[in-house]
Amino acid sequence: ADYNFALVPKAMNNPFFDLARDGCYKAQEELEGVTCNYIGPGEHTELEQIQIVQDLISQGVDGIAVSPSNAPAMGKALKAAVEAGIPVMTWDADLLEEDKGIRATFVGTKNYDIGVNLAKIAMARHPDGGKVCLQTGGAAAANHNERLKGIRDTLSGKDTGTPPGEPLSGENGWTEVAGCPLITDDDGNKAIQGMTDILAKEADLTAFISTGAFTQWFDNAYRQAAEPYKDKMESGELSIIVADTLPMQMAQLKDGLSNGQVGQRPFEMGYRAMFVLKDLAEGKSVEDPIYTGLDVCTPDNADSCLAQ
Amino acid sequence: MSLLQLEGVTKSFGAIHALQGIDLTISEGEAVGLMGDNGAGKSTLMRIIAGNFLPTAGKIRINGSEVHFNKPVDARNNGIEIVYQDLALCNNLTAAANVFLGREIRKKFGPISYLDHKAMFEKAAELFRELKSETRPRDLVKQMSGGQRQAVAIARTRLSDPKLVLMDEPTAAISVRQVAEVLNLIHRLKDSGHAVILVSHRMPDVFEVCDRVSVLRRGTKVADKQISETSPEEVTGLITGAIENA
Amino acid sequence: MSLLQLEGVTKSFGAIHALQGIDLTISEGEAVGLMGDNGAGKSTLMRIIAGNFLPTAGKIRINGSEVHFNKPVDARNNGIEIVYQDLALCNNLTAAANVFLGREIRKKFGPISYLDHKAMFEKAAELFRELKSETRPRDLVKQMSGGQRQAVAIARTRLSDPKLVLMDEPTAAISVRQVAEVLNLIHRLKDSGHAVILVSHRMPDVFEVCDRVSVLRRGTKVADKQISETSPEEVTGLITGAIENA
Amino acid sequence: MTDTTQKSHAEIDESITSRQEMSGLQAALKTQPFWVFIALIAIGVVMSFISDVFLTERNFFNITRNFAFFGIMALGMSAVICTAGIDLSVGSLMGLAGIVTGLVMQAGYGIGFGFIACMGAAAIVGLINGILIAYVRMAPFVVTLGMLAMARSIAMVISNNKMIYDFGPDQELFEWIGGESVFGVPNPVWVLMILTVVFWWVWRYSTWGRWVIAIGGNADAAKLAGIPVERVIVSVYVLCSCCAGLAAFLLVGWFGSVTNALGLTYELNVIAATVIGGANLMGGVVYAFGAPIGAALMELIRNSLLLAGIDALWQQFFVGLFLILAVLLEQIRNRGRS
Amino acid sequence: MTDTTQKSHAEIDESITSRQEMSGLQAALKTQPFWVFIALIAIGVVMSFISDVFLTERNFFNITRNFAFFGIMALGMSAVICTAGIDLSVGSLMGLAGIVTGLVMQAGYGIGFGFIACMGAAAIVGLINGILIAYVRMAPFVVTLGMLAMARSIAMVISNNKMIYDFGPDQELFEWIGGESVFGVPNPVWVLMILTVVFWWVWRYSTWGRWVIAIGGNADAAKLAGIPVERVIVSVYVLCSCCAGLAAFLLVGWFGSVTNALGLTYELNVIAATVIGGANLMGGVVYAFGAPIGAALMELIRNSLLLAGIDALWQQFFVGLFLILAVLLEQIRNRGRS
Ligand SMILES: Nc1ncnc2c1ncn2[C@@H]1O[C@H](COP(=O)(O)OP(=O)(O)OP(=O)(O)O)[C@@H](O)[C@H]1O
Ligand SMILES: Nc1ncnc2c1ncn2[C@@H]1O[C@H](COP(=O)(O)OP(=O)(O)OP(=O)(O)O)[C@@H](O)[C@H]1O
Ligand SMILES: [Mg+2]
Ligand SMILES: [Mg+2]
């Protein structure tokens, strides 16, 4: 039988999801009779994503893998898919705990763990703590909020409450500076401007941690912004640690303009999702959840940290 | 006691002094012609009386008691109706809608009141007929000729029973037939005890219907004479400045 | 051979027939008065001659050869200037800028040409002075009185040396002093061989300056007579329809 | 002779009075909503051949519900645009109103209070917009752009940037209102239909509606005619905000959750729907049926492209293209007339 | 007696001719850009007390560069808005122009071709916008909204949704132009300064500028005066697009990489900067200095809030608030005058 599987990202204008698409296409080549239908909202809008999923259900695709922007609403939308007998799974981001019965499985990473690993790099470099500024994505973006909580929990060594957690004020030696966390709305320009301003303002900042790749998207601009602090970063006075491991981010890490990267494996997610959907369509049972793992990179292991 | 009394009305727009210390009185049943060169300040004075501008200085009295018109409705509530020189119409509405703007005829259906389009069209048609104007109540003002628009503006003043009607060049764009009607209208208004101020550049019209003529020159009043005591030539001289004042 | 010749010019706006088969000729040095009730179609006819509307049917000939004006400049390039009834001014520009709109005076500085504001202000001032109008060239049109605006519109036609000048109620808003000047101007234009079409509701003006008078009624021409052969009374009758046609 | 003339005048006058340029249907033919509606039908017919899913009940259900929210907002927006204004804050306001509703209901106050709080928040925002625009005479664009930023920020602050998906005791009722249907028609669509009829009545038969149109045509003239221009303008912005608040209430009910990102960038979509529906940004033009028709067109295009299997990267292209084409249709049509 | 009268008339006429309501400085005092500039200075003074980082060279460098891109776009936008139009496609166009530049340079064609391709793409988009608006008479809002979707989609298609960060042989020069400085002033700021002066000259001394302003005041009258209204409107949209293209070129050079998301949602910021700088969406008003001043205000607010350590959730609130306050200042000022 020919299968038409949909892979729905949060937004199509985000390089992160492109990698998932590439993985999805690779699976399409490898799997007999499977078509990867990569479709999502052009920009990050909750309603449009739900509308797309509804349309996919109407269209009668053979399986849907979705990275929900708005988990509760997506849960409701996906119920219709289950009723229509379409296998459903989530990837990258998951449904609410109570809705987990709806989807067959989840392929991805725990966002919380990304935060934990970012924080661990910072703690290894600055055991005594210090001043920290966090940078995050869009407003109320659940994945970024979980990463923030991961960072805060780890730095403070205690539970800081529901995501994004409470700001740190001296716990375990770590203090968040005023004006942070910086909100970027996933805009690289805003991210750079925010980082530049904060680094200029807080001369004695210890760590700048970003939960998304937007900080480093714009290679030249980021390099210019980080360059003046290169010595400080080398001497261990300051750390800049960013999530994700896109190619230019790795180059920046190797050039000493970053002190650590923690990456997910979106390619793997897209790739695995097709296999899972095929199994589901054929009535097989699948593991739940499926973690694709994280790549934790520091200047020391920059050449070897990425999973192939 | 006069119906309207202006005392030292002055109006400046920044550096431009449009009016300087204008005194003017008008009684019931009287028609005053207000003449003057372009830019003399006639329209500005009309607008002040109609509550459209606040005077920079000076007083306005109606029936002897001072009034302050902060907005046009205040003047209307004091029985003053005006035909603006630039007509002040809404291009996107029909002639009838413009006539009744702000004073729409409504019908009641239980607790709900709604616009009575039919009544408004009919009444507007009646008013236009009275003015002998070829204006179709259902036409959009946008599509109407200059004179048709003026007819709409004049018709508006006929809705209520005002004490004082200000007409700022009401006959500028209308044709002979309707000019006669407007002059007729002014006569009728006078006869029924209304007061009229007519701004016009048409000497014969002013001399036909007005009892008195006031002349403005560069924002000051240079003459205020009974029609019977003056002549078109004198008034022309006063307007152009050939005669200093009278 | 006449300067301008209209043959069966017809114009409809949807269901409204504004003009029906108008024939009209005018020769050099002639002034024709165009009269008619409000909405008779006078302005529509002017706009067609000025290239603002395309006629629904009919022909326009200039010096005997047929022309098609697709846009206003076409008419201007054929030596036709017009004063629009609604003046067609840009409120946000100064009086001088409006006079020279589309025909700005420029100075050259090497390869760069730029607006010569000074020259334009001076020339505009001269034109206003010629019209005896109290209009300040540097004022924004927005802030000007009705008559001052009209002076600006009239001044525009003085920039070039046109063959035919169309004036759509040029004296509606202006004062006695300037009316005389405009009539003077028409006389001067005639004397220097220009043709003029004057739309006006002011009978005396038309009889003073025009050689011929045409009357429109509801879109059709009902009369075309030499001034010497008619009288104000007859024309009035023709306008109102009391006299069928002549 | 004078007598006969007088009589013929009277006759002519009579004929002028009752003359009407065209019948109601003819007038409708000249309006933009009508031609957009034709475009809507055309797309529908084409789609019914291309995709056998298109005409299914479920697809119709989805399409109508999806555009209902935008249609409701567009109704309010068309009033604002009719006064030559603009309201860029509706998207942010949805976020704020949604969060307020969520917080109130989460605290256990029930749906009644939730609704009142939602509409109250919306009304306050509209009131501030309106006062700044009408009384302080600020440009609507600046005021509502500032409000766009402020309302979103307040939504962030009061929600503490968290998602709300627990709506207290009335959760089920709330989700029913937003998400379920009556007689097979989704509830938001019922709301849209009722509101459209109400607006139609308002524009045609109410004094307020007449005044709004007059203000859009010539605010100075309206003022001179004694219309309380400032008050009317304030009311228009409050109305627009309330429509956005209502849409937020329904949308949150359907979603079953709310974040402060609700309604992000919707302002342009709403304005687009309004303009496609025939509103003129220069003011003075309004059609009650324009708003739902405009919103429907935008949703139909999106839905059709997906069902037709257009490559995702190209989809936005066709959305833009059809948007232009739909309005072009009416333009060409009117061309032929003048 | 006639003689003396004539003489006095001549005198009076003379005085009228040369009468000017106010001097140039007085006129400047009445404009919005001036008062926004005062607001700018005020914020600067306050900030220099609050934050010792504010007055540093590096901060100034950053601020000026950040607003330069918006300033350049706002200059073009102010021309469009002066004709009572609007261009919503500038943000998407940046994405398209940036991607085109990136692809051309990545293919090794060098910076000359890259620049030509960038501006060419921009000009084509502007041309399409302009033709649809001027000749087909479509609403600018609809056309440019459609273009917003289409340009972004094409950027996605031709980039295949991938990031470009390899700009071929001229990469260094390219990054120098966008990212470096001359005499301590960032290059984009130089571009903005030069363009501002050029625009100032254009609005004051060129026929084209005069015509654009006339069209904004009364397009019908302009048409009747023989101005080639359609052609001028097309040129205005091309100009606006070219400004956006230029900004994209510089921005990509600074970023050192480009995705098709470049410029997402910038349209509202650019329009806001233009409006804050005194442009009136009803058309007919334009100030060359308004665009950079408006852009500077927006950036200064953003920077100041961060340096002042305002909570991130509240920041947008203050952005909106100051935006309104800045324009309010001028409003109150003009109130007192009339
Ligand atoms: N809003 C305004 N701002 C500045 N100046 C104004 C304003 N309104 C009128 N003026 C000026 O005030 C003076 C008087 O104008 P006004 O309109 O009263 O003249 P008028 O006597 O009615 O002239 P006309 O016969 O031409 O209608 C003119 O010089 C005019 O330019
Ligand atoms: N653009 C238009 N659309 C529809 N009807 C129009 C349009 N322009 C004019 N008309 C109609 O055509 C007729 C002739 O109008 P026109 O302006 O030519 O009259 P006019 O003779 O100049 O009158 P007036 O003396 O009042 O200026 C009128 O009935 C008018 O309503
Ligand atoms: Mg006047
Ligand atoms: Mg006319």
# chains A, B, ... in the order shown; residues from 1 in each chain; ligands from 1
call {"tool": "closest_atom_pairs", "arguments": {"of": "chain C", "to": "ligand 4", "cutoff": "9 Å", "atoms": "only C-alpha atoms and all ligand atoms", "output": "JSON lines"}}
result
{"residue": "C:Asn38", "atom": "CA", "partner": "ligand 4", "partner_atom_place_in_ligand_line": "1 (Mg)", "distance": 6.9}
{"residue": "C:Gly39", "atom": "CA", "partner": "ligand 4", "partner_atom_place_in_ligand_line": "1 (Mg)", "distance": 6.9}
{"residue": "C:Ala40", "atom": "CA", "partner": "ligand 4", "partner_atom_place_in_ligand_line": "1 (Mg)", "distance": 8.1}
{"residue": "C:Gly41", "atom": "CA", "partner": "ligand 4", "partner_atom_place_in_ligand_line": "1 (Mg)", "distance": 7.0}
{"residue": "C:Lys42", "atom": "CA", "partner": "ligand 4", "partner_atom_place_in_ligand_line": "1 (Mg)", "distance": 5.5}
{"residue": "C:Ser43", "atom": "CA", "partner": "ligand 4", "partner_atom_place_in_ligand_line": "1 (Mg)", "distance": 4.0}
{"residue": "C:Thr44", "atom": "CA", "partner": "ligand 4", "partner_atom_place_in_ligand_line": "1 (Mg)", "distance": 7.1}
{"residue": "C:Met46", "atom": "CA", "partner": "ligand 4", "partner_atom_place_in_ligand_line": "1 (Mg)", "distance": 8.7}
{"residue": "C:Tyr84", "atom": "CA", "partner": "ligand 4", "partner_atom_place_in_ligand_line": "1 (Mg)", "distance": 8.6}
{"residue": "C:Gln85", "atom": "CA", "partner": "ligand 4", "partner_atom_place_in_ligand_line": "1 (Mg)", "distance": 6.0}
{"residue": "C:Asp86", "atom": "CA", "partner": "ligand 4", "partner_atom_place_in_ligand_line": "1 (Mg)", "distance": 8.4}
{"residue": "C:Asp168", "atom": "CA", "partner": "ligand 4", "partner_atom_place_in_ligand_line": "1 (Mg)", "distance": 6.7}
{"residue": "C:Glu169", "atom": "CA", "partner": "ligand 4", "partner_atom_place_in_ligand_line": "1 (Mg)", "distance": 7.4}
{"residue": "C:Val199", "atom": "CA", "partner": "ligand 4", "partner_atom_place_in_ligand_line": "1 (Mg)", "distance": 7.9}
{"residue": "C:Ser200", "atom": "CA", "partner": "ligand 4", "partner_atom_place_in_ligand_line": "1 (Mg)", "distance": 8.8}
call {"tool": "residues_near_ligand", "arguments": {"ligand": "ligand 1", "cutoff": "10 Å", "atoms": "only C-alpha atoms and all ligand atoms", "output": "VMD selection string"}}
result
(chain B and resid 11 to 19 34 to 48 53 85 to 86 168 to 169 199 to 201 216 to 219) or (chain C and resid 133 to 136 139 to 151 172 to 176) or (chain E and resid 21 338)
call {"tool": "residues_around", "arguments": {"residues": "Tyr271 in chain A", "least_positions_apart": "5", "cutoff": "8 Å", "atoms": "only C-alpha atoms", "output": "PDB file with N, CA, C and O atoms, in the first residue's frame"}}
result
ATOM      1  N   ALA A  20      14.455  18.447  10.157  1.00  0.00           N
ATOM      2  CA  ALA A  20      13.480  17.374  10.321  1.00  0.00           C
ATOM      3  C   ALA A  20      12.895  16.982   8.969  1.00  0.00           C
ATOM      4  O   ALA A  20      12.714  15.807   8.662  1.00  0.00           O
ATOM      5  N   ASP A  22      14.378  17.252   6.119  1.00  0.00           N
ATOM      6  CA  ASP A  22      15.375  16.485   5.376  1.00  0.00           C
ATOM      7  C   ASP A  22      15.391  15.031   5.831  1.00  0.00           C
ATOM      8  O   ASP A  22      15.493  14.115   5.018  1.00  0.00           O
ATOM      9  N   GLY A  23      15.254  14.832   7.131  1.00  0.00           N
ATOM     10  CA  GLY A  23      15.209  13.462   7.652  1.00  0.00           C
ATOM     11  C   GLY A  23      13.992  12.727   7.127  1.00  0.00           C
ATOM     12  O   GLY A  23      14.054  11.539   6.763  1.00  0.00           O
ATOM     13  N   CYS A  24      12.905  13.461   7.095  1.00  0.00           N
ATOM     14  CA  CYS A  24      11.648  12.902   6.612  1.00  0.00           C
ATOM     15  C   CYS A  24      11.790  12.460   5.154  1.00  0.00           C
ATOM     16  O   CYS A  24      11.375  11.371   4.764  1.00  0.00           O
ATOM     17  N   TYR A  25      12.437  13.302   4.348  1.00  0.00           N
ATOM     18  CA  TYR A  25      12.631  12.963   2.936  1.00  0.00           C
ATOM     19  C   TYR A  25      13.564  11.780   2.768  1.00  0.00           C
ATOM     20  O   TYR A  25      13.405  10.957   1.870  1.00  0.00           O
ATOM     21  N   LYS A  26      14.548  11.708   3.674  1.00  0.00           N
ATOM     22  CA  LYS A  26      15.473  10.581   3.573  1.00  0.00           C
ATOM     23  C   LYS A  26      14.725   9.284   3.834  1.00  0.00           C
ATOM     24  O   LYS A  26      14.893   8.282   3.125  1.00  0.00           O
ATOM     25  N   ALA A  27      13.837   9.325   4.838  1.00  0.00           N
ATOM     26  CA  ALA A  27      13.044   8.132   5.145  1.00  0.00           C
ATOM     27  C   ALA A  27      12.151   7.780   3.971  1.00  0.00           C
ATOM     28  O   ALA A  27      11.957   6.604   3.651  1.00  0.00           O
TER      29      ALA A  27
END
call {"tool": "residues_around", "arguments": {"residues": "range 213-226 of chain E", "least_positions_apart": "6", "cutoff": "9 Å", "atoms": "only C-alpha atoms", "output": "NGL selection string"}}
result
(:C and (50-52 or 71-74 or 76 or 87-93 or 98 or 100-103)) or (:E and (79 or 81-85 or 203 or 232-233 or 282-286))
call {"tool": "select_by_dssp", "arguments": {"residues": "range 48-263 of chain A", "states": "strand (DSSP E or B)", "output": "MDAnalysis selection string"}}
result
chainID A and resid 63:66 88:91 106:108 130:136 169 174:176 182:183 207:210 239:243 260:263
call {"tool": "residues_around", "arguments": {"residues": "Glu104 in chain B", "least_positions_apart": "2", "cutoff": "12 Å", "atoms": "only C-alpha atoms", "output": "ChimeraX atom specification"}}
result
/B:96-102,106-107,113-121,123-124,156,159 /D:205-211,225-227
call {"tool": "interface_residues", "arguments": {"of": "chain E", "to": "chain D", "cutoff": "6 Å", "atoms": "only C-alpha atoms", "output": "number ranges by chain"}}
result
E: 143, 146, 149-150, 153, 156-157, 313-314, 316-317, 320, 323-324
call {"tool": "interface_residues", "arguments": {"of": "chain E", "to": "chain A", "cutoff": "6 Å", "atoms": "only C-alpha atoms", "output": "list in words"}}
result
Val53, Trp254, Phe255, Gly256, Ser257, Ala261, Leu306, Gly309, Ile310, Asp311 and Ala312 of chain E
call {"tool": "select_by_dssp", "arguments": {"residues": "range 130-233 of chain B", "states": "alpha helix (DSSP H)", "output": "number ranges by chain"}}
result
B: 130, 146-156, 176-191, 203-209, 232-233
call {"tool": "atom_distance", "arguments": {"atom1": "CA of Gly40 in chain A", "atom2": "CA of Ala81 in chain A"}}
result
16.7 Å
call {"tool": "atom_distance", "arguments": {"atom1": "CA of Arg61 in chain B", "atom2": "CA of Leu4 in chain B"}}
result
5.8 Å
call {"tool": "closest_residue", "arguments": {"among": "B:Gly193, B:Gly237, B:Pro170, B:Pro232", "to": "ligand 3", "atoms": "only C-alpha atoms and all ligand atoms"}}
result
B:Pro170
call {"tool": "closest_residue", "arguments": {"among": "B:Ile26, B:Leu189, B:Asp211, B:Val83", "to": "ligand 3", "atoms": "only C-alpha atoms and all ligand atoms"}}
result
B:Val83
